[in-house]
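Okay, data_9.pdb is below, PDB, C-alpha atoms and all ligand atoms:
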MODEL        1
ATOM      1  CA  MET D  31      60.943 110.196-136.538  1.00  0.00           C
ATOM      2  CA  ASP D  32      61.393 112.740-139.286  1.00  0.00           C
ATOM      3  CA  LEU D  33      62.145 111.903-142.876  1.00  0.00           C
ATOM      4  CA  ARG D  34      65.812 112.720-142.522  1.00  0.00           C
ATOM      5  CA  GLU D  35      66.272 110.196-139.713  1.00  0.00           C
ATOM      6  CA  LEU D  36      64.323 107.586-141.619  1.00  0.00           C
ATOM      7  CA  TYR D  37      66.534 108.115-144.663  1.00  0.00           C
ATOM      8  CA  GLN D  38      69.626 107.866-142.506  1.00  0.00           C
ATOM      9  CA  ASP D  39      68.360 104.575-141.080  1.00  0.00           C
ATOM     10  CA  ILE D  40      67.826 103.151-144.560  1.00  0.00           C
ATOM     11  CA  ILE D  41      71.352 104.116-145.614  1.00  0.00           C
ATOM     12  CA  LEU D  42      72.869 102.689-142.428  1.00  0.00           C
ATOM     13  CA  ASP D  43      70.867  99.476-142.759  1.00  0.00           C
ATOM     14  CA  HIS D  44      71.897  98.897-146.377  1.00  0.00           C
ATOM     15  CA  GLY D  45      75.450 100.004-145.628  1.00  0.00           C
ATOM     16  CA  GLN D  46      75.819  97.567-142.772  1.00  0.00           C
ATOM     17  CA  HIS D  47      73.765  94.731-144.241  1.00  0.00           C
ATOM     18  CA  PRO D  48      74.159  95.058-147.992  1.00  0.00           C
ATOM     19  CA  ARG D  49      71.707  93.012-150.089  1.00  0.00           C
ATOM     20  CA  ASN D  50      72.911  90.847-152.974  1.00  0.00           C
ATOM     21  CA  PHE D  51      76.478  91.166-151.733  1.00  0.00           C
ATOM     22  CA  HIS D  52      78.223  88.322-153.523  1.00  0.00           C
ATOM     23  CA  LYS D  53      79.797  87.346-156.802  1.00  0.00           C
ATOM     24  CA  LEU D  54      77.363  86.183-159.470  1.00  0.00           C
ATOM     25  CA  ASP D  55      78.439  82.813-160.854  1.00  0.00           C
ATOM     26  CA  HIS D  56      76.301  83.149-163.978  1.00  0.00           C
ATOM     27  CA  ALA D  57      77.120  86.760-164.684  1.00  0.00           C
ATOM     28  CA  THR D  58      76.981  87.691-168.343  1.00  0.00           C
ATOM     29  CA  HIS D  59      78.384  91.150-167.635  1.00  0.00           C
ATOM     30  CA  PHE D  60      80.464  92.750-164.923  1.00  0.00           C
ATOM     31  CA  ALA D  61      82.490  95.864-164.231  1.00  0.00           C
ATOM     32  CA  ASN D  62      84.651  97.377-161.524  1.00  0.00           C
ATOM     33  CA  GLY D  63      84.008 100.848-160.255  1.00  0.00           C
ATOM     34  CA  HIS D  64      86.516 102.967-158.380  1.00  0.00           C
ATOM     35  CA  ASN D  65      85.945 106.313-156.740  1.00  0.00           C
ATOM     36  CA  PRO D  66      89.445 107.581-155.930  1.00  0.00           C
ATOM     37  CA  LEU D  67      88.123 110.649-154.115  1.00  0.00           C
ATOM     38  CA  CYS D  68      86.657 108.551-151.329  1.00  0.00           C
ATOM     39  CA  GLY D  69      88.356 105.206-151.900  1.00  0.00           C
ATOM     40  CA  ASP D  70      85.143 103.312-152.713  1.00  0.00           C
ATOM     41  CA  ARG D  71      85.360 100.186-154.824  1.00  0.00           C
ATOM     42  CA  VAL D  72      82.530  98.088-156.216  1.00  0.00           C
ATOM     43  CA  THR D  73      82.280  95.247-158.673  1.00  0.00           C
ATOM     44  CA  VAL D  74      78.833  94.913-160.203  1.00  0.00           C
ATOM     45  CA  TYR D  75      77.704  91.597-161.733  1.00  0.00           C
ATOM     46  CA  VAL D  76      74.757  91.303-164.092  1.00  0.00           C
ATOM     47  CA  GLU D  77      73.008  88.287-165.532  1.00  0.00           C
ATOM     48  CA  LEU D  78      71.160  89.454-168.590  1.00  0.00           C
ATOM     49  CA  ASP D  79      68.562  87.119-170.110  1.00  0.00           C
ATOM     50  CA  GLY D  80      67.397  88.538-173.419  1.00  0.00           C
ATOM     51  CA  ASP D  81      66.116  91.977-172.508  1.00  0.00           C
ATOM     52  CA  LYS D  82      65.682  91.240-168.825  1.00  0.00           C
ATOM     53  CA  ILE D  83      68.049  91.705-165.917  1.00  0.00           C
ATOM     54  CA  ARG D  84      67.585  88.296-164.373  1.00  0.00           C
ATOM     55  CA  ASP D  85      70.017  88.915-161.546  1.00  0.00           C
ATOM     56  CA  VAL D  86      72.371  91.600-160.330  1.00  0.00           C
ATOM     57  CA  SER D  87      74.790  91.612-157.405  1.00  0.00           C
ATOM     58  CA  PHE D  88      77.867  93.399-156.165  1.00  0.00           C
ATOM     59  CA  GLU D  89      80.975  93.138-154.058  1.00  0.00           C
ATOM     60  CA  GLY D  90      83.040  95.960-152.710  1.00  0.00           C
ATOM     61  CA  ARG D  91      84.090  98.157-149.870  1.00  0.00           C
ATOM     62  CA  GLY D  92      83.909 101.810-149.106  1.00  0.00           C
ATOM     63  CA  CYS D  93      81.800 104.354-147.312  1.00  0.00           C
ATOM     64  CA  ALA D  94      78.232 103.694-146.173  1.00  0.00           C
ATOM     65  CA  ILE D  95      76.782 105.786-149.010  1.00  0.00           C
ATOM     66  CA  SER D  96      78.556 103.837-151.744  1.00  0.00           C
ATOM     67  CA  GLN D  97      77.649 100.463-150.253  1.00  0.00           C
ATOM     68  CA  ALA D  98      74.049 101.427-149.507  1.00  0.00           C
ATOM     69  CA  SER D  99      73.625 102.787-153.013  1.00  0.00           C
ATOM     70  CA  ALA D 100      74.946  99.575-154.560  1.00  0.00           C
ATOM     71  CA  SER D 101      72.712  97.485-152.304  1.00  0.00           C
ATOM     72  CA  LEU D 102      69.566  99.456-153.122  1.00  0.00           C
ATOM     73  CA  MET D 103      70.438  99.438-156.803  1.00  0.00           C
ATOM     74  CA  THR D 104      70.692  95.638-156.955  1.00  0.00           C
ATOM     75  CA  GLU D 105      67.306  95.261-155.260  1.00  0.00           C
ATOM     76  CA  ILE D 106      65.662  97.690-157.640  1.00  0.00           C
ATOM     77  CA  LEU D 107      67.195  96.498-160.903  1.00  0.00           C
ATOM     78  CA  LYS D 108      66.303  92.826-160.601  1.00  0.00           C
ATOM     79  CA  GLY D 109      63.707  91.986-163.249  1.00  0.00           C
ATOM     80  CA  LYS D 110      64.041  95.306-165.045  1.00  0.00           C
ATOM     81  CA  THR D 111      65.079  95.862-168.648  1.00  0.00           C
ATOM     82  CA  PRO D 112      68.289  97.763-169.431  1.00  0.00           C
ATOM     83  CA  ALA D 113      66.130 100.635-170.757  1.00  0.00           C
ATOM     84  CA  GLU D 114      64.253 100.840-167.450  1.00  0.00           C
ATOM     85  CA  ALA D 115      67.552 100.752-165.564  1.00  0.00           C
ATOM     86  CA  ASP D 116      68.809 103.587-167.714  1.00  0.00           C
ATOM     87  CA  ALA D 117      65.710 105.697-167.019  1.00  0.00           C
ATOM     88  CA  LEU D 118      66.099 105.112-163.275  1.00  0.00           C
ATOM     89  CA  PHE D 119      69.775 106.068-163.350  1.00  0.00           C
ATOM     90  CA  LYS D 120      69.071 109.230-165.344  1.00  0.00           C
ATOM     91  CA  SER D 121      66.438 110.411-162.885  1.00  0.00           C
ATOM     92  CA  PHE D 122      68.576 109.443-159.876  1.00  0.00           C
ATOM     93  CA  HIS D 123      71.599 111.204-161.328  1.00  0.00           C
ATOM     94  CA  ALA D 124      69.549 114.342-161.973  1.00  0.00           C
ATOM     95  CA  LYS D 125      68.333 114.350-158.374  1.00  0.00           C
ATOM     96  CA  VAL D 126      71.710 113.843-156.724  1.00  0.00           C
ATOM     97  CA  THR D 127      73.240 116.576-158.825  1.00  0.00           C
ATOM     98  CA  GLY D 128      70.532 118.961-157.677  1.00  0.00           C
ATOM     99  CA  ARG D 129      68.489 118.967-160.851  1.00  0.00           C
ATOM    100  CA  ASP D 130      65.098 117.381-161.090  1.00  0.00           C
ATOM    101  CA  ASP D 131      64.563 117.318-164.790  1.00  0.00           C
ATOM    102  CA  ALA D 132      64.566 113.615-165.543  1.00  0.00           C
ATOM    103  CA  SER D 133      61.332 111.938-164.617  1.00  0.00           C
ATOM    104  CA  VAL D 134      60.612 108.222-164.912  1.00  0.00           C
ATOM    105  CA  PRO D 135      57.563 106.545-166.430  1.00  0.00           C
ATOM    106  CA  PRO D 136      54.735 105.912-163.922  1.00  0.00           C
ATOM    107  CA  ALA D 137      55.597 102.196-163.748  1.00  0.00           C
ATOM    108  CA  LEU D 138      59.019 103.076-162.312  1.00  0.00           C
ATOM    109  CA  GLN D 139      57.837 105.717-159.854  1.00  0.00           C
ATOM    110  CA  ASP D 140      57.952 103.415-156.809  1.00  0.00           C
ATOM    111  CA  ASP D 141      61.480 102.313-157.635  1.00  0.00           C
ATOM    112  CA  ALA D 142      62.638 105.886-158.113  1.00  0.00           C
ATOM    113  CA  GLU D 143      61.171 106.759-154.726  1.00  0.00           C
ATOM    114  CA  ARG D 144      63.167 104.001-153.056  1.00  0.00           C
ATOM    115  CA  LEU D 145      66.285 105.924-154.068  1.00  0.00           C
ATOM    116  CA  GLU D 146      65.142 109.088-152.302  1.00  0.00           C
ATOM    117  CA  PRO D 147      67.211 108.422-149.143  1.00  0.00           C
ATOM    118  CA  LEU D 148      70.364 108.794-151.215  1.00  0.00           C
ATOM    119  CA  THR D 149      69.386 112.052-152.852  1.00  0.00           C
ATOM    120  CA  GLY D 150      70.385 113.929-149.689  1.00  0.00           C
ATOM    121  CA  VAL D 151      73.961 113.854-151.031  1.00  0.00           C
ATOM    122  CA  LYS D 152      73.110 116.707-153.371  1.00  0.00           C
ATOM    123  CA  THR D 153      74.097 119.104-150.598  1.00  0.00           C
ATOM    124  CA  TYR D 154      77.500 117.358-150.402  1.00  0.00           C
ATOM    125  CA  PRO D 155      78.921 117.423-153.943  1.00  0.00           C
ATOM    126  CA  ALA D 156      81.904 115.265-152.976  1.00  0.00           C
ATOM    127  CA  ARG D 157      79.545 112.443-152.013  1.00  0.00           C
ATOM    128  CA  VAL D 158      77.670 112.407-155.307  1.00  0.00           C
ATOM    129  CA  LYS D 159      80.329 110.089-156.729  1.00  0.00           C
ATOM    130  CA  CYS D 160      79.853 107.720-153.799  1.00  0.00           C
ATOM    131  CA  ALA D 161      76.122 107.550-154.507  1.00  0.00           C
ATOM    132  CA  THR D 162      76.456 107.010-158.254  1.00  0.00           C
ATOM    133  CA  LEU D 163      79.505 104.701-158.366  1.00  0.00           C
ATOM    134  CA  ALA D 164      77.546 101.427-158.507  1.00  0.00           C
ATOM    135  CA  TRP D 165      75.277 102.812-161.221  1.00  0.00           C
ATOM    136  CA  HIS D 166      78.239 103.860-163.345  1.00  0.00           C
ATOM    137  CA  ALA D 167      79.705 100.391-162.877  1.00  0.00           C
ATOM    138  CA  PHE D 168      76.383  98.822-163.833  1.00  0.00           C
ATOM    139  CA  GLU D 169      76.214 100.831-167.061  1.00  0.00           C
ATOM    140  CA  ALA D 170      79.837 100.020-167.851  1.00  0.00           C
ATOM    141  CA  ALA D 171      79.125  96.321-167.261  1.00  0.00           C
ATOM    142  CA  LEU D 172      76.275  96.284-169.772  1.00  0.00           C
ATOM    143  CA  LYS D 173      78.444  98.013-172.355  1.00  0.00           C
ATOM    144  CA  SER D 174      81.473  95.828-171.848  1.00  0.00           C
ATOM    145  CA  GLY D 175      80.022  92.343-171.785  1.00  0.00           C
ATOM    146  CA  ALA D 176      81.705  89.335-170.274  1.00  0.00           C
ATOM    147  CA  THR D 177      85.192  90.783-170.493  1.00  0.00           C
ATOM    148  CA  GLY D 178      84.418  93.322-167.807  1.00  0.00           C
ATOM    149  CA  ALA D 179      85.413  96.945-167.586  1.00  0.00           C
ATOM    150  CA  THR D 180      86.742  99.415-165.074  1.00  0.00           C
ATOM    151  CA  VAL D 181      85.213 102.815-164.486  1.00  0.00           C
ATOM    152  CA  LYS D 182      86.688 105.598-162.467  1.00  0.00           C
ATOM    153  CA  THR D 183      84.461 108.417-161.366  1.00  0.00           C
ATOM    154  CA  GLU D 184      86.177 111.715-161.912  1.00  0.00           C
TER     155      GLU D 184
HETATM  156 ZN    ZN D 201      82.346 107.144-150.629  1.00  0.00          ZN
ENDMDL
END

Can you dump the structure from the file as C-alpha cells?
Ligand code: ZN
Amino acid sequence: MDLRELYQDIILDHGQHPRNFHKLDHATHFANGHNPLCGDRVTVYVELDGDKIRDVSFEGRGCAISQASASLMTEILKGKTPAEADALFKSFHAKVTGRDDASVPPALQDDAERLEPLTGVKTYPARVKCATLAWHAFEAALKSGATGATVKTE
C-alpha cells in the first residue's frame, strides 16, 4: 500500500466513523462553521479548563474531507492549550495552501504529522476550505465564548 492509499483510508475511516461526534454538554465555547462552496457544516464545541482544552467535539455534515478533518482535529486538540492549537492550525493551514513555512515545536511534531493525510488537498484549491472549516470554527469558538459564533469560509 502506498502512502496515498493509506492517507485515503484514514480520511475515509474518519469520514465514515467520525470521532467525538456529539454535542458537548459542558461546552464553554462553541461555534458554527459553514463552507458554502461545498455545503459543509460543522459545529465545534470546546470545554476549556483554565489554559487547557479539556474536551472538544463536533457535529455536522458535509463531504468526507470536512468530516474527517473535524474528527482528526478533535482527537488531536484534546489536552492541548489554545496556544498549541493555534500553532498546529498555522502549520496545517500553511501546508494545505501549498506553503510549508510554519513549523511546530518538537513537542507537537507527532500531532502535526497526523494531519498529513489531509494535506493532499493542496492540489485541489477548492477543497482547502473543506479541510480547514473545523479549525476555523474552533478558533471562532475560542474567541466568541459561550454565546457561540458563526464563521463562513470565503
Ligand atoms: Zn467539503

Query - Given all atoms listed in the file as the counted atoms, nearest of D:Val126, D:Leu172, D:Ala179, D:Ala137 to Thr153 of chain D - result: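 For Thr153 of chain D, the nearest of the given residues is D:Val126.
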
Query raised in the report: If you apply the PyMOL selection byres (((not hetatm)) within 8 of (chain D and resi 201)) to this file, what residues do you get, as a list of chain:residue names?
Result: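 Evaluating the PyMOL selection byres (((not hetatm)) within 8 of (chain D and resi 201)) on these coordinates yields D:Asn65, D:Leu67, D:Cys68, D:Gly69, D:Asp70, D:Gly92, D:Cys93, D:Ala94, D:Ile95, D:Ser96, D:Arg157, D:Lys159, D:Cys160, D:Ala161.
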
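Every protein, DNA or RNA residue with an atom at most 8 Å from Thr58 of chain D, where all atoms listed in the file count and chain neighbours fewer than 4 positions away do not, is listed here: Tyr75, Val76, Glu77, Leu78, Gly175 and Ala176 of chain D.
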
Requested in this report: Step by step, work through what the PyMOL selection byres (((chain D and resi 116-120) around 7) and not hetatm) selects in the shown file, and finish by giving those residues as a PyMOL selection string.
Outcome: chain D and resi 112-115+121-124+132+134+142+165

Report task. Find the distance between atom CA of Ala100 of chain D and atom CA of Lys125 of chain D and write it in Å to one decimal. Result -> 16.6 Å
